[in-house]
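*Asks:* Before I ask anything, here is the structure I am working with.
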Protein chains: 2
Amino acid sequence: MRMVDIIEKKREGLELSENEIKFMIDGYTNNQIPDYQVSALLMAIYFKGMTNEEAAYLTKAMLYSGDIIDLSMIDGVKVDKHSTGGVGDKTTLVLGPLVASMGAKLAKLSGRGLGHTGGTLDKLESIEGFNISLSEEKFLKQVNEINIAVAGQTKKLVPADKLLYALRDVTATVPSIPLIASSIMSKKLASGADVISLDVKIGDGAFMKTIEDARELSKIMVSIGESLGKKVNAFITSMDQPLGFAVGNRLEVKEVIDTLEGHGPSDLEELCVEIAGYMVKDAKIVSTVEEGKKLALEHLNNGKALAKFYEFIEAQGGHIDDLDHFIQVDEVFEYKANKSGYIQSIKALNIGLASMKIGGGRETKDDHIDPSVGIVLNKKIGDYVEEGDVLARVFLNSELTDNVLNDLNTAFTITDDIQEKTPIIKEIIN
Amino acid sequence: MRMVDIIEKKREGLELSENEIKFMIDGYTNNQIPDYQVSALLMAIYFKGMTNEEAAYLTKAMLYSGDIIDLSMIDGVKVDKHSTGGVGDKTTLVLGPLVASMGAKLAKLSGRGLGHTGGTLDKLESIEGFNISLSEEKFLKQVNEINIAVAGQTKKLVPADKLLYALRDVTATVPSIPLIASSIMSKKLASGADVISLDVKIGDGAFMKTIEDARELSKIMVSIGESLGKKVNAFITSMDQPLGFAVGNRLEVKEVIDTLEGHGPSDLEELCVEIAGYMVKDAKIVSTVEEGKKLALEHLNNGKALAKFYEFIEAQGGHIDDLDHFIQVDEVFEYKANKSGYIQSIKALNIGLASMKIGGGRETKDDHIDPSVGIVLNKKIGDYVEEGDVLARVFLNSELTDNVLNDLNTAFTITDDIQEKTPIIKEIIN
């Protein structure tokens, strides 16, 4: 088998076989196939696409390039959740305790945030004492005991994906839907869960810009999961504006607690309840999604989800001694409307960038995060505001720069026309 | 400027600027841009093409990546000729002395053959004593004195093309017409001529398979020449069957002499006279192509072209003492028709491969060539043959293998229907 023939075959729009895809991934991982042949193939894939079968073969080949987490020690159905990344996206922190309180097992490996999107690990680590470095034994034991554990990745999962992603990044081949799908799915499958929920964000602040692309990505991912014996549900959700109100680590944790107490932002609650409904149904805890959603709402209102949250936090060494003093900042700047009207847009990208710039996120991997800073929206798209009304509160431990103010100015658009509130969940594909 | 942005721009089908193309070629030649980015760009170019302007910028950037031959010491208009490569293609050996005898200056750097196509240098070196290693001084002096010199390339011409071609070869990006055009033209322009004739072969034995591709390639090359101040004529010619009858080095030299004596194969003579007509017209030796063609025919019939051939050979140390003993082989195998009918095809590729396999060409760069062996066709497409008629004579210094016999069997197709003789020149683009 010669790599050049594989490139030519894809260039001509033909379907690659499982052997050809495995030959490429194995050869690349073992340094036997050079970067320049792989990048040419990636560009051919960009133009000619991949069938669902090819994407499944690619996922499988990448999956087996490294370690796979063995969750067989955990009793019951293991659920997992992945988001393509958004601003104010604290879904995992609500959903995890919620489904755990209902009996599902969430053994989650998570990542840090970079750029305008936050990361679950950063949010958890903003809690005093919270430890994300669990031994495999402790991780599995905790899930068996309290149904939930979230840890950083230590094992060498999917090295082929790391290699391929780094190459795609410098060869303008990132935005290929089958390549994105295989990358996400190989990582999710390596984490060992049986039931996987994918939150595919669309909009200005998201990786996918259109519903068509998100739908295509979702379908391929569901198909890949099916090929590899996993149940996958994809939720296409709006990132036209930040999710919920809070953006910034402790600010988001606070909002998570509000939501687990049953009085969170409606978009966040709706999303978590919907995903939870599917998860517990697929985990065979309930027999229909509707039943699952009903139970989820109950657990948000009867304190069970909140109790599970605190149990989870404590199990990993975290503690929030006084919620009233959890957020510690020097200044809260009130960003106000410069005219009256309806809010037409709150660009998630700009809110995310503003939060990052004041210390709430990382511009580069080595940046330090200030856990308390961030932005809390006071209004959402469709709300009517009077000139001078507070649109957002900026929690700061530094001077507010023009640069950040400019991000806020760019984020908000106010118009005279009534604006419809867009639903958080646009489509569910499974 | 970042290479990844250049790749993305081309991927989106946008036109690259001269600066961007120069940045890429300079960076690649200086090892500052890695192979894997260039190969991704090449694949994007394969899919999105290049405008004539982009191809001219690419040619120029490659041209200036190395040495350029300075022919200014030669008086008069310098002509050059390039063929995309064919089987039995001895055009340069006829055309060179022919136009030189008419007063044009041919200062030609030539190459060796590989695979099923022969090379001009190999044909010249099949002549006892012929020296292709000329100093620059001797090369220029010879052209000034006798109007013609053909030498091997010694200077570092177009290193960027060598790098790019090697990369294209292993990344399935060879068959991109603007890349082929830029590669050919950069090499031709580096050789310094004012008037360039391009013989673009099409058919089974050629690089270009269709008239459409050949036309596109020709147009881009003519346009590139124009952009860089050169007069370029492209001749789209048939490689449905070998050119002339002879394939193999000394066999071809013998046919060249026949042609220069005015009794060569009609297709070879027609092609040489046509190209010569354009060359001497553009070299301002005559005022119309027709006048040039008339003069060329005269020179084939009055011995002037042949005299120039011997003058050229002798100037470079070559001598053919006895033409009757020039071809020295152990055996001449007569390959005969197995049925009566009209010759429908004589696949040039198979004839070329058969000649290579018996020692007339090189399979790899290090292979040794036997100058005397080869194949001489006895018939051409459209001829009527009786069963048992000789179709070709195989000149051998080894046993005839089944493999070679199989190539011959594949090459010839005989049919009951009358076959039209196809013209050698299909189109002229300038």
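Following the order of the structure tokens, chains are lettered A, B, ..., residues in each are numbered from 1, and ligands are numbered from 1.
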Can you work out which residues from chain B touch chain A at a cut-off of 12 Å (counting only C-alpha atoms) and hand them back as JSON, numbers by chain?

*Replies:* {"B": [2, 3, 4, 5, 6, 7, 8, 9, 10, 11, 12, 13, 33, 34, 35, 36, 37, 38, 39, 40, 41, 42, 43, 44, 45, 46, 47, 48, 164, 166, 167, 168, 169, 170, 171, 172, 173, 174, 175, 176]}

*Asks:* Restricting the output to C-alpha atoms, write the selected residues as a compact mmCIF listing (two decimals), in the first residue's frame.

*Replies:*
# COMPACT_ATOMS: atom_id res chain seq x y z
CA ARG B 2 1.50 33.56 7.16
CA MET B 3 1.57 30.48 4.96
CA VAL B 4 -1.60 29.11 6.59
CA ASP B 5 -3.50 32.20 5.42
CA ILE B 6 -2.20 31.73 1.89
CA ILE B 7 -3.39 28.09 1.93
CA GLU B 8 -6.80 29.16 3.23
CA LYS B 9 -7.10 31.87 0.58
CA LYS B 10 -6.44 29.39 -2.22
CA ARG B 11 -8.69 26.80 -0.55
CA GLU B 12 -11.48 29.39 -0.77
CA GLY B 13 -10.77 29.81 -4.48
CA ILE B 33 8.14 26.99 4.95
CA PRO B 34 7.68 23.28 5.66
CA ASP B 35 6.76 20.64 3.09
CA TYR B 36 3.44 19.93 4.78
CA GLN B 37 2.16 23.46 4.23
CA VAL B 38 3.31 23.51 0.62
CA SER B 39 1.69 20.14 -0.11
CA ALA B 40 -1.61 21.34 1.36
CA LEU B 41 -1.39 24.42 -0.88
CA LEU B 42 -0.59 22.26 -3.91
CA MET B 43 -3.68 20.14 -3.26
CA ALA B 44 -5.78 23.30 -2.90
CA ILE B 45 -4.33 24.50 -6.24
CA TYR B 46 -5.19 21.11 -7.74
CA PHE B 47 -8.83 21.71 -6.83
CA LYS B 48 -9.12 25.47 -7.26
CA LEU B 164 8.15 21.35 -5.85
CA ALA B 166 9.54 16.05 -5.97
CA LEU B 167 6.82 17.04 -3.49
CA ARG B 168 4.06 16.88 -6.11
CA ASP B 169 5.23 13.44 -7.12
CA VAL B 170 4.59 11.97 -3.65
CA THR B 171 1.44 13.94 -2.82
CA ALA B 172 -0.69 13.14 -5.89
CA THR B 173 -0.57 16.76 -7.06
CA VAL B 174 1.29 16.27 -10.34
CA PRO B 175 -1.70 16.54 -12.71
CA SER B 176 -2.54 20.19 -12.05

*Asks:* Taking all C-alpha atoms matched one to one in order, superimpose chain A on chain B and note the resulting RMSD in Å.

*Replies:*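 Here the C-alpha RMSD works out to 0.1 Å.
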
*Asks:* Determine which residues of segment 125-368 of chain A receive a DSSP assignment of alpha helix (DSSP H), computed from the backbone, and state them as a PyMOL selection string.

*Replies:* chain A and resi 125+136-146+159-170+177-190+211-227+249-260+266-282+289-301+304-315+348-355

*Asks:* Using only C-alpha atoms, which residues sit within 10 Å of Val200 of chain B once same-chain residues fewer than 3 positions away are excluded, as a PyMOL selection string?

*Replies:* chain B and resi 82-86+197+206-208+211+214-215+217-218+234-239+425-428

*Asks:* Go through B:Ala56, B:Ala190, B:Ala315, B:Ile220 and flag the residue nearest Phe130 of chain B, using only C-alpha atoms for the distances.

*Replies:* B:Ala315

*Asks:* May I have the residues within 7 Å of segment 345-361 of chain A as a CSV table (one decimal) with all heavy atoms, in the first residue's frame, using only C-alpha atoms and disregarding those fewer than 6 positions away in the same chain?

*Replies:*
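And here is the file that came out, around15.csv:
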chain,number,residue,atom,x,y,z
A,87,VAL,N,-19.6,30.2,25.1
A,87,VAL,CA,-19.3,31.2,26.1
A,87,VAL,C,-20.4,31.1,27.2
A,87,VAL,O,-21.6,31.1,26.8
A,87,VAL,CB,-19.3,32.6,25.4
A,87,VAL,CG1,-19.2,33.7,26.5
A,87,VAL,CG2,-18.2,32.7,24.4
A,113,GLY,N,-10.0,25.7,29.3
A,113,GLY,CA,-10.4,26.6,28.2
A,113,GLY,C,-9.3,27.3,27.6
A,113,GLY,O,-8.2,27.5,28.2
A,114,LEU,N,-9.5,27.8,26.4
A,114,LEU,CA,-8.5,28.6,25.6
A,114,LEU,C,-9.3,29.6,24.8
A,114,LEU,O,-10.3,29.2,24.2
A,114,LEU,CB,-7.6,27.7,24.8
A,114,LEU,CG,-6.3,28.4,24.2
A,114,LEU,CD1,-5.4,28.8,25.3
A,114,LEU,CD2,-5.6,27.4,23.3
A,115,GLY,N,-8.8,30.8,24.7
A,115,GLY,CA,-9.4,31.8,23.9
A,115,GLY,C,-10.7,32.3,24.5
A,115,GLY,O,-10.8,32.4,25.7
A,116,HIS,N,-11.7,32.4,23.7
A,116,HIS,CA,-13.0,33.0,24.2
A,116,HIS,C,-13.9,32.0,24.9
A,116,HIS,O,-14.9,32.4,25.5
A,116,HIS,CB,-13.7,33.8,23.1
A,116,HIS,CG,-14.3,32.9,22.1
A,116,HIS,ND1,-13.6,32.3,21.1
A,116,HIS,CD2,-15.6,32.5,21.9
A,116,HIS,CE1,-14.4,31.6,20.3
A,116,HIS,NE2,-15.6,31.6,20.8
A,117,THR,N,-13.6,30.7,24.8
A,117,THR,CA,-14.4,29.8,25.5
A,117,THR,C,-13.8,29.3,26.8
A,117,THR,O,-12.6,29.1,26.9
A,117,THR,CB,-14.7,28.6,24.6
A,117,THR,OG1,-13.5,27.9,24.3
A,117,THR,CG2,-15.4,29.0,23.3
A,118,GLY,N,-14.6,29.0,27.8
A,118,GLY,CA,-14.1,28.5,29.1
A,118,GLY,C,-14.0,27.0,29.1
A,118,GLY,O,-14.5,26.3,28.2
A,204,ASP,N,-22.4,32.8,16.2
A,204,ASP,CA,-21.2,33.7,16.2
A,204,ASP,C,-20.1,33.3,17.1
A,204,ASP,O,-18.9,33.3,16.8
A,204,ASP,CB,-21.8,35.1,16.6
A,204,ASP,CG,-20.7,36.0,17.2
A,204,ASP,OD1,-19.8,36.3,16.4
A,204,ASP,OD2,-20.8,36.4,18.3
A,205,GLY,N,-20.4,32.8,18.3
A,205,GLY,CA,-19.4,32.4,19.3
A,205,GLY,C,-19.0,31.0,19.2
A,205,GLY,O,-18.2,30.5,20.0
A,239,MET,N,-25.6,29.5,20.1
A,239,MET,CA,-24.6,30.3,20.7
A,239,MET,C,-24.6,31.7,20.1
A,239,MET,O,-23.6,32.3,19.9
A,239,MET,CB,-23.2,29.6,20.6
A,239,MET,CG,-22.0,30.0,21.4
A,239,MET,SD,-22.3,30.7,23.1
A,239,MET,CE,-22.9,29.2,24.0
A,240,ASP,N,-25.8,32.1,19.8
A,240,ASP,CA,-26.0,33.5,19.3
A,240,ASP,C,-25.7,34.5,20.5
A,240,ASP,O,-25.4,35.7,20.2
A,240,ASP,CB,-27.5,33.7,18.9
A,240,ASP,CG,-27.7,33.0,17.6
A,240,ASP,OD1,-26.8,32.8,16.8
A,240,ASP,OD2,-28.9,32.7,17.3
A,241,GLN,N,-25.9,34.0,21.7
A,241,GLN,CA,-25.6,34.9,22.9
A,241,GLN,C,-25.0,33.9,23.9
A,241,GLN,O,-25.2,32.7,23.8
A,241,GLN,CB,-26.8,35.6,23.4
A,241,GLN,CG,-27.9,34.7,23.8
A,241,GLN,CD,-29.2,35.4,24.2
A,241,GLN,OE1,-29.2,36.6,24.5
A,241,GLN,NE2,-30.4,34.7,24.1
A,242,PRO,N,-24.3,34.4,24.9
A,242,PRO,CA,-23.8,33.5,26.0
A,242,PRO,C,-24.9,32.6,26.6
A,242,PRO,O,-26.1,33.1,26.6
A,242,PRO,CB,-23.2,34.4,27.0
A,242,PRO,CG,-22.8,35.6,26.2
A,242,PRO,CD,-23.9,35.8,25.2
A,247,VAL,N,-20.5,34.7,32.8
A,247,VAL,CA,-19.4,34.3,32.0
A,247,VAL,C,-18.1,34.6,32.9
A,247,VAL,O,-17.9,35.7,33.3
A,247,VAL,CB,-19.2,35.1,30.7
A,247,VAL,CG1,-18.0,34.7,30.0
A,247,VAL,CG2,-20.5,34.9,29.8
A,248,GLY,N,-17.4,33.6,33.3
A,248,GLY,CA,-16.3,33.8,34.2
A,248,GLY,C,-16.4,32.7,35.2
A,248,GLY,O,-17.5,32.2,35.6
A,249,ASN,N,-15.3,32.2,35.8
A,249,ASN,CA,-15.3,30.9,36.5
A,249,ASN,C,-16.2,30.8,37.7
A,249,ASN,O,-17.2,30.0,37.7
A,249,ASN,CB,-13.9,30.4,36.7
A,249,ASN,CG,-13.2,30.2,35.4
A,249,ASN,OD1,-13.4,29.3,34.7
A,249,ASN,ND2,-12.4,31.2,35.0
A,369,ILE,N,-5.4,32.4,35.4
A,369,ILE,CA,-6.8,32.8,35.4
A,369,ILE,C,-7.2,33.4,36.8
A,369,ILE,O,-6.7,32.8,37.8
A,369,ILE,CB,-7.8,31.6,35.1
A,369,ILE,CG1,-7.7,31.3,33.6
A,369,ILE,CG2,-9.2,31.9,35.6
A,369,ILE,CD1,-8.6,30.2,33.2
A,370,ASP,N,-7.9,34.5,36.8
A,370,ASP,CA,-8.4,35.0,38.1
A,370,ASP,C,-9.8,34.5,38.2
A,370,ASP,O,-10.7,34.8,37.4
A,370,ASP,CB,-8.5,36.6,38.0
A,370,ASP,CG,-9.0,37.2,39.2
A,370,ASP,OD1,-9.7,36.5,40.0
A,370,ASP,OD2,-8.7,38.4,39.4
A,371,PRO,N,-10.1,33.6,39.2
A,371,PRO,CA,-11.4,32.9,39.3
A,371,PRO,C,-12.6,33.7,39.5
A,371,PRO,O,-13.7,33.4,39.1
A,371,PRO,CB,-11.2,31.9,40.5
A,371,PRO,CG,-10.1,32.5,41.3
A,371,PRO,CD,-9.2,33.2,40.3
A,373,VAL,N,-13.2,37.0,38.4
A,373,VAL,CA,-13.6,38.0,37.4
A,373,VAL,C,-14.5,37.4,36.3
A,373,VAL,O,-14.6,36.2,36.2
A,373,VAL,CB,-12.4,38.7,36.7
A,373,VAL,CG1,-11.5,39.4,37.8
A,373,VAL,CG2,-11.6,37.7,35.9
A,374,GLY,N,-15.2,38.3,35.6
A,374,GLY,CA,-16.0,37.9,34.5
A,374,GLY,C,-17.1,38.9,34.3
A,374,GLY,O,-17.1,40.0,34.7
A,375,ILE,N,-18.1,38.5,33.5
A,375,ILE,CA,-19.2,39.3,33.1
A,375,ILE,C,-20.5,38.6,33.4
A,375,ILE,O,-20.7,37.4,33.1
A,375,ILE,CB,-19.1,39.6,31.6
A,375,ILE,CG1,-17.8,40.5,31.3
A,375,ILE,CG2,-20.3,40.4,31.1
A,375,ILE,CD1,-17.4,40.5,29.9
A,381,ILE,N,-31.1,38.5,24.6
A,381,ILE,CA,-31.7,38.9,23.3
A,381,ILE,C,-33.3,38.9,23.4
A,381,ILE,O,-33.9,38.0,24.0
A,381,ILE,CB,-31.3,38.0,22.2
A,381,ILE,CG1,-29.8,38.2,21.9
A,381,ILE,CG2,-32.1,38.2,20.9
A,381,ILE,CD1,-29.2,37.2,20.8
A,396,LEU,N,-14.3,43.0,38.1
A,396,LEU,CA,-13.0,43.3,37.8
A,396,LEU,C,-12.0,43.3,38.9
A,396,LEU,O,-12.4,43.7,40.0
A,396,LEU,CB,-12.9,44.7,37.2
A,396,LEU,CG,-13.5,45.0,35.8
A,396,LEU,CD1,-13.8,46.5,35.7
A,396,LEU,CD2,-12.4,44.7,34.8
A,404,VAL,N,-11.6,46.4,26.2
A,404,VAL,CA,-12.7,45.5,26.8
A,404,VAL,C,-14.0,46.2,26.5
A,404,VAL,O,-15.0,45.6,26.1
A,404,VAL,CB,-12.4,45.2,28.3
A,404,VAL,CG1,-13.7,44.6,28.9
A,404,VAL,CG2,-11.2,44.3,28.4
A,407,ASP,N,-15.1,45.7,23.2
A,407,ASP,CA,-15.7,44.4,23.0
A,407,ASP,C,-17.2,44.4,23.4
A,407,ASP,O,-18.0,43.8,22.7
A,407,ASP,CB,-15.0,43.3,23.8
A,407,ASP,CG,-13.7,42.8,23.2
A,407,ASP,OD1,-13.7,42.7,21.9
A,407,ASP,OD2,-12.7,42.5,23.9
A,408,LEU,N,-17.5,45.1,24.5
A,408,LEU,CA,-18.8,45.2,25.0
A,408,LEU,C,-19.7,46.0,24.0
A,408,LEU,O,-20.8,45.6,23.7
A,408,LEU,CB,-18.9,45.8,26.4
A,408,LEU,CG,-18.2,44.9,27.5
A,408,LEU,CD1,-18.1,45.7,28.8
A,408,LEU,CD2,-19.0,43.7,27.7
A,410,THR,N,-19.2,46.3,20.9
A,410,THR,CA,-19.5,45.5,19.7
A,410,THR,C,-20.5,44.3,20.0
A,410,THR,O,-21.2,44.0,19.1
A,410,THR,CB,-18.1,44.8,19.2
A,410,THR,OG1,-17.1,45.8,19.2
A,410,THR,CG2,-18.2,44.2,17.9
A,411,ALA,N,-20.5,43.8,21.2
A,411,ALA,CA,-21.3,42.7,21.5
A,411,ALA,C,-22.8,43.1,21.5
A,411,ALA,O,-23.6,42.3,20.9
A,411,ALA,CB,-21.0,42.2,22.9
A,412,PHE,N,-23.2,44.2,22.0
A,412,PHE,CA,-24.6,44.6,22.1
A,412,PHE,C,-25.1,45.4,20.9
A,412,PHE,O,-24.5,46.4,20.5
A,412,PHE,CB,-24.8,45.4,23.4
A,412,PHE,CG,-24.7,44.6,24.7
A,412,PHE,CD1,-23.5,44.4,25.3
A,412,PHE,CD2,-25.9,43.9,25.2
A,412,PHE,CE1,-23.5,43.6,26.5
A,412,PHE,CE2,-25.8,43.2,26.3
A,412,PHE,CZ,-24.6,43.0,27.0
A,413,THR,N,-26.2,45.0,20.4
A,413,THR,CA,-26.9,45.8,19.4
A,413,THR,C,-28.4,46.0,19.9
A,413,THR,O,-29.0,45.0,20.3
A,413,THR,CB,-27.0,45.1,18.0
A,413,THR,OG1,-25.7,44.6,17.7
A,413,THR,CG2,-27.4,46.1,16.9

*Asks:* For Asp161 of chain A, which residue out of A:Tyr384, A:Phe333, A:Tyr64, A:Tyr278 is the nearest one, using only C-alpha atoms?

*Replies:*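 Ranked by minimum distance to Asp161 of chain A, first place goes to A:Tyr64.
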
*Asks:* Which residues of segment 80-147 of chain A come within 12 Å of segment 261-276 of chain A, and for each one, what is the closest pair of atoms and their distance in Å to one decimal, counting only C-alpha atoms, sorted by chain and residue number, as a Markdown table?

*Replies:*
| residue | atom | partner | partner_atom | distance |
| --- | --- | --- | --- | --- |
| A:Asp80 | CA | A:Ile275 | CA | 10.8 |
| A:Lys81 | CA | A:Ile275 | CA | 9.0 |
| A:His82 | CA | A:Ile275 | CA | 11.1 |
| A:Ser83 | CA | A:Ile275 | CA | 11.7 |
| A:Gly88 | CA | A:Leu268 | CA | 9.5 |
| A:Asp89 | CA | A:Leu268 | CA | 8.5 |
| A:Lys90 | CA | A:Leu268 | CA | 8.2 |
| A:Thr91 | CA | A:Cys272 | CA | 6.3 |
| A:Thr92 | CA | A:Cys272 | CA | 8.4 |
| A:Leu93 | CA | A:Cys272 | CA | 9.7 |
| A:Val94 | CA | A:Cys272 | CA | 6.8 |
| A:Leu95 | CA | A:Cys272 | CA | 5.5 |
| A:Gly96 | CA | A:Ala276 | CA | 8.8 |
| A:Pro97 | CA | A:Ala276 | CA | 10.2 |
| A:Leu98 | CA | A:Ala276 | CA | 7.3 |
| A:Val99 | CA | A:Ala276 | CA | 5.9 |
| A:Ala100 | CA | A:Ala276 | CA | 9.7 |
| A:Ser101 | CA | A:Ala276 | CA | 10.7 |
| A:Met102 | CA | A:Ala276 | CA | 9.1 |
| A:Gly103 | CA | A:Ala276 | CA | 11.1 |
| A:Ala104 | CA | A:Ala276 | CA | 9.5 |
| A:Lys105 | CA | A:Ala276 | CA | 12.0 |
| A:Leu106 | CA | A:Ala276 | CA | 11.5 |

*Asks:* To one decimal place in Å, what is the distance between atom CA of Met62 of chain A and atom CA of Leu157 of chain A?

*Replies:* 9.3 Å

*Asks:* Using only C-alpha atoms, which of the listed residues (A:Glu298, A:Glu18, A:Asp194, A:Glu387) sits closest to Lys284 of chain A?

*Replies:*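 Result for the nearest residue to Lys284 of chain A: A:Asp194.
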